[in-house]
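J.: Data: upload-v5.cif, mmCIF, C-alpha atoms.
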```cif
data_model
#
loop_
_atom_site.label_atom_id
_atom_site.label_comp_id
_atom_site.auth_asym_id
_atom_site.auth_seq_id
_atom_site.Cartn_x
_atom_site.Cartn_y
_atom_site.Cartn_z
CA MET A 21 17.89 -11.21 -12.42
CA GLU A 22 20.42 -13.88 -11.73
CA GLY A 23 22.44 -14.48 -8.62
CA ILE A 24 21.59 -13.55 -5.06
CA LEU A 25 21.44 -10.30 -3.19
CA PRO A 26 24.64 -9.24 -1.41
CA LEU A 27 24.76 -10.60 2.14
CA LYS A 28 24.50 -7.13 3.70
CA ALA A 29 21.42 -6.34 1.62
CA GLN A 30 19.84 -9.67 2.55
CA GLN A 31 20.43 -9.02 6.24
CA GLU A 32 19.02 -5.50 6.03
CA MET A 33 15.89 -6.70 4.26
CA GLN A 34 15.35 -9.62 6.62
CA THR A 35 15.77 -7.39 9.66
CA SER A 36 13.63 -4.56 8.33
CA ASN A 37 10.79 -6.92 7.44
CA LEU A 38 10.56 -9.06 10.56
CA SER A 39 6.88 -9.42 11.51
CA PHE A 40 6.10 -7.75 8.20
CA ILE A 41 2.48 -8.79 8.44
CA THR A 42 2.14 -6.58 11.52
CA LYS A 43 3.51 -3.64 9.58
CA ALA A 44 1.36 -4.49 6.60
CA ARG A 45 -1.76 -4.54 8.75
CA LYS A 46 -0.91 -1.23 10.39
CA PHE A 47 -0.51 0.52 7.07
CA SER A 48 -3.44 -1.35 5.55
CA ASN A 49 -5.54 0.04 8.40
CA VAL A 50 -4.35 3.54 7.51
CA GLU A 51 -5.16 2.96 3.84
CA SER A 52 -8.52 1.36 4.59
CA LYS A 53 -9.52 4.14 6.97
CA PHE A 54 -8.63 6.76 4.39
CA PHE A 55 -10.67 5.11 1.64
CA ARG A 56 -13.69 4.45 3.88
CA LEU A 57 -13.72 8.00 5.19
CA ASN A 58 -13.89 9.31 1.67
CA GLY A 59 -17.16 7.82 0.59
CA ARG A 60 -18.75 4.68 -0.75
CA LEU A 61 -17.01 4.95 -4.09
CA PHE A 62 -13.73 4.21 -2.30
CA GLY A 63 -15.29 1.52 -0.11
CA PHE A 64 -14.53 -1.25 -2.62
CA VAL A 65 -10.84 -0.33 -2.41
CA ALA A 66 -10.90 -0.65 1.38
CA ASP A 67 -12.60 -4.05 1.10
CA ASP A 68 -9.94 -5.21 -1.34
CA LEU A 69 -7.13 -4.11 1.00
CA GLU A 70 -8.65 -6.02 3.90
CA GLU A 71 -9.04 -9.10 1.70
CA LYS A 72 -5.33 -8.99 0.82
CA ILE A 73 -4.37 -8.83 4.51
CA HIS A 74 -6.61 -11.84 5.16
CA ILE A 75 -4.82 -13.76 2.39
CA LEU A 76 -1.41 -13.00 3.92
CA GLU A 77 -2.62 -14.05 7.37
CA SER A 78 -3.98 -17.29 5.90
CA HIS A 79 -0.57 -18.06 4.40
CA MET A 80 1.12 -17.39 7.74
CA LYS A 81 -1.24 -19.78 9.51
CA GLY A 82 -1.01 -22.42 6.77
CA PRO A 83 1.27 -25.45 6.37
CA ASN A 84 4.03 -23.30 4.85
CA GLY A 85 3.72 -20.55 7.42
CA GLN A 86 7.40 -20.72 8.32
CA HIS A 87 8.17 -19.21 4.91
CA TYR A 88 5.94 -16.20 5.54
CA THR A 89 7.81 -14.50 8.37
CA THR A 90 9.45 -11.78 6.22
CA VAL A 91 8.84 -10.30 2.79
CA GLN A 92 12.15 -11.78 1.61
CA SER A 93 11.45 -15.31 2.85
CA MET A 94 7.93 -15.25 1.42
CA ILE A 95 9.03 -14.17 -2.04
CA ASP A 96 12.01 -16.55 -2.04
CA PHE A 97 9.65 -19.43 -1.26
CA GLU A 98 7.03 -18.47 -3.83
CA VAL A 99 9.56 -17.81 -6.58
CA ALA A 100 11.28 -21.15 -5.92
CA ASN A 101 7.93 -22.95 -6.10
CA ASN A 102 6.63 -20.94 -9.08
CA ILE A 103 3.49 -19.77 -7.28
CA THR A 104 3.87 -15.98 -7.38
CA LYS A 105 1.16 -15.65 -10.06
CA VAL A 106 -1.42 -17.94 -8.44
CA LYS A 107 -4.87 -16.27 -8.38
CA HIS A 108 -7.30 -19.10 -7.61
CA THR A 109 -8.06 -20.85 -4.30
CA LEU A 110 -5.64 -18.96 -2.04
CA PRO A 111 -3.86 -16.30 -4.15
CA SER A 112 -0.10 -15.96 -3.70
CA GLY A 113 1.26 -13.83 -0.90
CA SER A 114 3.49 -11.99 -3.35
CA ARG A 115 0.54 -10.92 -5.49
CA SER A 116 -1.50 -9.89 -2.45
CA LEU A 117 1.31 -7.92 -0.83
CA LEU A 118 2.01 -6.14 -4.12
CA ARG A 119 -1.55 -4.77 -4.10
CA LEU A 120 -1.05 -3.45 -0.57
CA HIS A 121 2.33 -2.09 -1.59
CA ARG A 122 0.81 -0.11 -4.46
CA GLY A 123 -1.88 1.27 -2.18
CA LEU A 124 0.76 2.31 0.32
CA GLU A 125 2.63 4.19 -2.38
CA PHE A 126 -0.48 6.20 -3.20
CA ILE A 127 -1.31 6.97 0.44
CA LEU A 128 2.24 8.01 1.37
CA GLU A 129 2.62 10.18 -1.71
CA PHE A 130 -0.80 11.76 -1.20
CA MET A 131 -0.16 12.46 2.48
CA GLY A 132 3.26 13.88 1.68
CA ARG A 133 1.87 16.26 -0.94
CA LEU A 134 -1.06 17.16 1.29
CA GLY A 135 1.27 18.09 4.13
CA LYS A 136 3.36 20.34 1.90
CA SER A 137 0.39 22.08 0.27
CA SER A 138 -1.26 25.33 1.31
CA ASP A 139 -4.71 25.66 2.88
CA ASP A 140 -6.18 27.01 -0.32
CA MET A 141 -5.20 23.89 -2.28
CA ARG A 142 -8.04 21.50 -3.05
CA SER A 143 -7.46 18.01 -1.68
CA SER A 144 -9.30 16.61 -4.69
CA THR A 145 -6.70 18.13 -7.01
CA ILE A 146 -3.82 16.75 -4.95
CA ALA A 147 -5.43 13.30 -4.82
CA ALA A 148 -6.12 13.24 -8.57
CA GLU A 149 -2.54 14.21 -9.42
CA THR A 150 -1.17 11.63 -6.98
CA TYR A 151 -3.45 8.91 -8.32
CA LYS A 152 -2.40 9.69 -11.88
CA ASP A 153 1.27 9.30 -10.89
CA THR A 154 0.78 6.07 -8.92
CA LEU A 155 -2.23 3.75 -8.76
CA SER A 156 -3.84 4.70 -12.07
CA ASN A 157 -1.05 2.86 -13.87
CA CYS A 158 -2.32 -0.41 -12.36
CA HIS A 159 -6.07 0.11 -12.75
CA PRO A 160 -8.36 -0.58 -15.74
CA TRP A 161 -10.29 2.29 -17.31
CA ILE A 162 -13.52 1.73 -15.35
CA ILE A 163 -11.71 1.81 -11.99
CA GLN A 164 -9.87 4.97 -13.02
CA LYS A 165 -13.19 6.67 -13.78
CA MET A 166 -14.72 5.59 -10.46
CA ALA A 167 -11.63 6.77 -8.59
CA GLY A 168 -11.75 10.09 -10.40
CA LEU A 169 -15.34 10.66 -9.33
CA ALA A 170 -14.56 9.69 -5.73
CA MET A 171 -11.60 12.07 -5.56
CA TYR A 172 -13.64 14.91 -7.03
CA MET A 173 -15.94 14.60 -4.01
CA LEU A 174 -13.14 14.89 -1.42
CA PRO A 175 -13.64 17.59 1.24
CA SER A 176 -11.42 20.61 1.78
CA ARG A 177 -7.81 20.11 2.85
CA ARG A 178 -8.54 21.18 6.44
CA LYS A 179 -11.68 19.05 6.71
CA LEU A 180 -9.85 16.03 5.30
CA PHE A 181 -7.08 16.41 7.89
CA GLU A 182 -9.55 16.64 10.75
CA THR A 183 -11.61 13.69 9.48
CA MET A 184 -8.61 11.41 8.93
CA CYS A 185 -6.77 12.20 12.15
CA LYS A 186 -9.54 13.21 14.57
CA HIS A 187 -7.25 15.85 16.06
CA TYR A 188 -6.87 19.59 15.94
CA TYR A 189 -5.57 20.84 12.62
CA THR A 190 -1.99 21.60 13.71
CA HIS A 191 -1.72 18.28 15.54
CA ALA A 192 -3.07 16.49 12.49
CA LEU A 193 -0.31 18.01 10.37
CA GLY A 194 2.32 16.58 12.72
CA LEU A 195 0.70 13.14 12.69
CA LEU A 196 0.69 13.18 8.92
CA ASP A 197 4.44 13.75 8.81
CA SER A 198 4.97 10.90 11.28
CA VAL A 199 2.95 8.43 9.20
CA VAL A 200 4.83 9.33 6.02
CA ALA A 201 8.22 9.11 7.76
CA ALA A 202 7.38 5.67 9.18
CA GLY A 203 5.98 4.34 5.93
CA LYS A 204 8.66 5.36 3.45
CA PRO A 205 11.42 2.98 4.67
CA ILE A 206 8.98 0.05 4.60
CA TYR A 207 7.85 0.96 1.12
CA ALA A 208 11.43 1.35 -0.14
CA LYS A 209 12.64 -2.00 1.22
CA THR A 210 9.62 -3.85 -0.15
CA GLN A 211 10.04 -2.13 -3.51
CA ASP A 212 13.66 -3.30 -3.67
CA ILE A 213 12.68 -6.91 -3.03
CA PHE A 214 9.92 -6.98 -5.62
CA ALA A 215 12.16 -5.23 -8.16
CA TYR A 216 15.03 -7.65 -7.59
CA HIS A 217 12.78 -10.60 -8.40
CA ASN A 218 11.09 -8.79 -11.33
CA LEU A 219 7.71 -9.03 -9.63
CA LEU A 220 6.53 -5.42 -9.81
CA ASP A 221 4.21 -6.23 -12.71
CA LEU A 222 2.50 -9.31 -11.30
CA PRO A 223 -0.99 -9.61 -12.86
#
```
Would you put the structure from the file into structure tokens?
T.:
Amino acid sequence: MEGILPLKAQQEMQTSNLSFITKARKFSNVESKFFRLNGRLFGFVADDLEEKIHILESHMKGPNGQHYTTVQSMIDFEVANNITKVKHTLPSGSRSLLRLHRGLEFILEFMGRLGKSSDDMRSSTIAAETYKDTLSNCHPWIIQKMAGLAMYMLPSRRKLFETMCKHYYTHALGLLDSVVAAGKPIYAKTQDIFAYHNLLDLP
């Protein structure tokens, strides 16, 4: 896409993504906790999320750290220097953040559907449907099969709430809504930036 973003849009994205690594870590912690709580089959996903955060932190502490203060500045820098697809040595920040971004989409959508469902709904069914609509599109066949098995083993909706939030059931419901409400604006802004630069399909 040629040209630059309108000034107002640039300002909104810069402002909304200040200290983006802090936000990324907070939501990565939510994602990682969810995957670890739901068995060893999801453990590899949690490890991958933590690795991506480490990569972003390494970029921030590196010689070009000044370019990694916001999502917009990071992607502008990596696009200009043609390093968005780098996988070896220290993978690109764009590629690493995109993996976190996809995980966040799954978690927010799953939590949203979980909060709106009834007590007699199976969390495994909700997770499987959410996965099919989100992350499965980015995973190879073997990962899809492993994820399917892990989701089949999810506990009941009530038990999952209590395990994830460590609070009484009704309180857990309220916390779930808060997490989703806080995460959606971050997801939307990041999605806009990646889409503008045609980076949503980075390998």
J.: So which residues get picked by the PyMOL selection byres ((chain A and resi 199) around 10) here, written as a ChimeraX atom specification?
T.: /A:47,50,127-128,131-132,194-198,200-204
J.: Applying the PyMOL selection byres ((chain A and resi 210-214) around 9) to the file I just gave you, which residues come out? Please list them as a list in words.
T.: Met33, Asn37, Val91, Gln92, Ile95, Ser114, Leu118, His121, Pro205, Ile206, Tyr207, Ala208, Lys209, Ala215, Tyr216, His217, Asn218, Leu219 and Leu220 of chain A
J.: One number please: atom CA of A:Glu71 to atom CA of A:Val106, in Å, one decimal.
T.: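 Interatomic distance here is 15.5 Å.
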J.: Going by the chain IDs and residue numbers used in this file, which residues fall under the PyMOL selection byres ((chain A and resi 126) around 9)? Write them as a PyMOL selection string.
T.: chain A and resi 121-125+127-131+147+150-151+153-155
J.: Just want the 12 Å neighbourhood of A:Thr109, counted on all atoms listed in the file, with same-chain residues fewer than 6 positions away dropped. Output as a PyMOL selection string.
T.: chain A and resi 75+78-79+103
J.: Please produce a file of those selected residues containing C-alpha atoms, as a PDB file, in the coordinates of the input.
T.:
```pdb
ATOM      1  CA  ILE A  75      -4.820 -13.760   2.390  1.00  0.00           C
ATOM      2  CA  SER A  78      -3.980 -17.290   5.900  1.00  0.00           C
ATOM      3  CA  HIS A  79      -0.570 -18.060   4.400  1.00  0.00           C
ATOM      4  CA  ILE A 103       3.490 -19.770  -7.280  1.00  0.00           C
TER       5      ILE A 103
END
```
J.: Just how far from atom CA of A:Arg133 is atom CA of A:Pro175, in Å to one decimal?
T.: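 Between these atoms lies a distance of 15.7 Å.
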J.: I'd like the contact shell of A:Lys107 - 12 Å cut-off, only C-alpha atoms, skipping same-chain residues fewer than 2 positions apart - returned as a list of chain:residue names.
T.: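 Selected residues are A:Lys72, A:Ile75, A:Ile103, A:Thr104, A:Lys105, A:Thr109, A:Leu110, A:Pro111, A:Ser112, A:Gly113, A:Ser114, A:Arg115, A:Ser116, A:Leu222, A:Pro223.
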J.: Next, dump the selected residues to file, keeping only C-alpha atoms, as an mmCIF file, keeping the file's coordinate frame.
T.:
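Result saved to again.cif:
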```
data_model
loop_
_atom_site.group_PDB
_atom_site.id
_atom_site.type_symbol
_atom_site.label_atom_id
_atom_site.label_comp_id
_atom_site.auth_asym_id
_atom_site.auth_seq_id
_atom_site.Cartn_x
_atom_site.Cartn_y
_atom_site.Cartn_z
ATOM 1 C CA LYS A 72 -5.330 -8.990 0.820
ATOM 2 C CA ILE A 75 -4.820 -13.760 2.390
ATOM 3 C CA ILE A 103 3.490 -19.770 -7.280
ATOM 4 C CA THR A 104 3.870 -15.980 -7.380
ATOM 5 C CA LYS A 105 1.160 -15.650 -10.060
ATOM 6 C CA THR A 109 -8.060 -20.850 -4.300
ATOM 7 C CA LEU A 110 -5.640 -18.960 -2.040
ATOM 8 C CA PRO A 111 -3.860 -16.300 -4.150
ATOM 9 C CA SER A 112 -0.100 -15.960 -3.700
ATOM 10 C CA GLY A 113 1.260 -13.830 -0.900
ATOM 11 C CA SER A 114 3.490 -11.990 -3.350
ATOM 12 C CA ARG A 115 0.540 -10.920 -5.490
ATOM 13 C CA SER A 116 -1.500 -9.890 -2.450
ATOM 14 C CA LEU A 222 2.500 -9.310 -11.300
ATOM 15 C CA PRO A 223 -0.990 -9.610 -12.860
#
```
J.: What separation in Å, quoted to one decimal, exists between atom CA of A:Leu180 and atom CA of A:Lys152?
T.: 19.8 Å
J.: What's around A:Asp68 at 10 Å? Count only C-alpha atoms, leave out sequence neighbours fewer than 6 positions away in its own chain, and write the answer as an MDAnalysis selection string.
T.: chainID A and resid 52 74 116 119:120
J.: With distances taken over only C-alpha atoms, which residue among A:Ser144, A:Gly168, A:Asn102, A:Leu76 lies nearest A:Ser156?
T.: A:Gly168
J.: Where atoms are missing, can you supply N, CA and C atoms for stretch 127-155 of chain A and output the lot as a JSON list (two decimals), in the frame of the given file?
T.:
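Below you can see part.json, which holds the result:
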```json
[["chain", "number", "residue", "atom", "x", "y", "z"],
["A", 127, "ILE", "N", -1.00, 6.29, -0.82],
["A", 127, "ILE", "CA", -1.31, 6.97, 0.44],
["A", 127, "ILE", "C", -0.14, 7.82, 0.93],
["A", 128, "LEU", "N", 1.07, 7.26, 0.90],
["A", 128, "LEU", "CA", 2.24, 8.01, 1.37],
["A", 128, "LEU", "C", 2.50, 9.24, 0.50],
["A", 129, "GLU", "N", 2.38, 9.06, -0.80],
["A", 129, "GLU", "CA", 2.62, 10.18, -1.71],
["A", 129, "GLU", "C", 1.54, 11.26, -1.54],
["A", 130, "PHE", "N", 0.30, 10.82, -1.38],
["A", 130, "PHE", "CA", -0.80, 11.76, -1.20],
["A", 130, "PHE", "C", -0.65, 12.53, 0.11],
["A", 131, "MET", "N", -0.34, 11.81, 1.18],
["A", 131, "MET", "CA", -0.16, 12.46, 2.48],
["A", 131, "MET", "C", 1.01, 13.42, 2.45],
["A", 132, "GLY", "N", 2.10, 13.01, 1.78],
["A", 132, "GLY", "CA", 3.26, 13.88, 1.68],
["A", 132, "GLY", "C", 2.94, 15.17, 0.95],
["A", 133, "ARG", "N", 2.24, 15.07, -0.16],
["A", 133, "ARG", "CA", 1.87, 16.26, -0.94],
["A", 133, "ARG", "C", 0.86, 17.10, -0.18],
["A", 134, "LEU", "N", -0.04, 16.44, 0.52],
["A", 134, "LEU", "CA", -1.06, 17.16, 1.29],
["A", 134, "LEU", "C", -0.40, 17.99, 2.39],
["A", 135, "GLY", "N", 0.59, 17.39, 3.06],
["A", 135, "GLY", "CA", 1.27, 18.09, 4.13],
["A", 135, "GLY", "C", 2.07, 19.30, 3.66],
["A", 136, "LYS", "N", 2.54, 19.25, 2.43],
["A", 136, "LYS", "CA", 3.36, 20.34, 1.90],
["A", 136, "LYS", "C", 2.52, 21.42, 1.18],
["A", 137, "SER", "N", 1.24, 21.14, 1.00],
["A", 137, "SER", "CA", 0.39, 22.08, 0.27],
["A", 137, "SER", "C", -0.12, 23.19, 1.17],
["A", 138, "SER", "N", -0.69, 24.21, 0.56],
["A", 138, "SER", "CA", -1.26, 25.33, 1.31],
["A", 138, "SER", "C", -2.74, 25.08, 1.58],
["A", 139, "ASP", "N", -3.31, 25.84, 2.51],
["A", 139, "ASP", "CA", -4.71, 25.66, 2.88],
["A", 139, "ASP", "C", -5.68, 25.91, 1.73],
["A", 140, "ASP", "N", -5.27, 26.70, 0.77],
["A", 140, "ASP", "CA", -6.18, 27.01, -0.32],
["A", 140, "ASP", "C", -6.12, 25.97, -1.45],
["A", 141, "MET", "N", -5.26, 24.96, -1.30],
["A", 141, "MET", "CA", -5.20, 23.89, -2.28],
["A", 141, "MET", "C", -6.36, 22.93, -2.07],
["A", 142, "ARG", "N", -6.94, 22.46, -3.15],
["A", 142, "ARG", "CA", -8.04, 21.50, -3.05],
["A", 142, "ARG", "C", -7.47, 20.09, -2.90],
["A", 143, "SER", "N", -7.96, 19.36, -1.90],
["A", 143, "SER", "CA", -7.46, 18.01, -1.68],
["A", 143, "SER", "C", -7.81, 17.11, -2.86],
["A", 144, "SER", "N", -8.91, 17.41, -3.53],
["A", 144, "SER", "CA", -9.30, 16.61, -4.69],
["A", 144, "SER", "C", -8.27, 16.73, -5.81],
["A", 145, "THR", "N", -7.72, 17.92, -5.98],
["A", 145, "THR", "CA", -6.70, 18.13, -7.01],
["A", 145, "THR", "C", -5.43, 17.38, -6.68],
["A", 146, "ILE", "N", -5.03, 17.45, -5.40],
["A", 146, "ILE", "CA", -3.82, 16.75, -4.95],
["A", 146, "ILE", "C", -3.99, 15.24, -5.11],
["A", 147, "ALA", "N", -5.16, 14.74, -4.72],
["A", 147, "ALA", "CA", -5.43, 13.30, -4.82],
["A", 147, "ALA", "C", -5.42, 12.84, -6.28],
["A", 148, "ALA", "N", -6.05, 13.62, -7.15],
["A", 148, "ALA", "CA", -6.12, 13.24, -8.57],
["A", 148, "ALA", "C", -4.73, 13.19, -9.19],
["A", 149, "GLU", "N", -3.89, 14.17, -8.86],
["A", 149, "GLU", "CA", -2.54, 14.21, -9.42],
["A", 149, "GLU", "C", -1.71, 13.04, -8.88],
["A", 150, "THR", "N", -1.90, 12.74, -7.59],
["A", 150, "THR", "CA", -1.17, 11.63, -6.98],
["A", 150, "THR", "C", -1.61, 10.30, -7.58],
["A", 151, "TYR", "N", -2.91, 10.14, -7.73],
["A", 151, "TYR", "CA", -3.45, 8.91, -8.32],
["A", 151, "TYR", "C", -2.93, 8.71, -9.73],
["A", 152, "LYS", "N", -2.89, 9.78, -10.51],
["A", 152, "LYS", "CA", -2.40, 9.69, -11.88],
["A", 152, "LYS", "C", -0.95, 9.23, -11.92],
["A", 153, "ASP", "N", -0.15, 9.64, -10.93],
["A", 153, "ASP", "CA", 1.27, 9.30, -10.89],
["A", 153, "ASP", "C", 1.54, 7.92, -10.28],
["A", 154, "THR", "N", 0.54, 7.33, -9.63],
["A", 154, "THR", "CA", 0.78, 6.07, -8.92],
["A", 154, "THR", "C", -0.22, 4.98, -9.34],
["A", 155, "LEU", "N", -1.31, 4.86, -8.60],
["A", 155, "LEU", "CA", -2.23, 3.75, -8.76],
["A", 155, "LEU", "C", -2.90, 3.65, -10.12]]
```
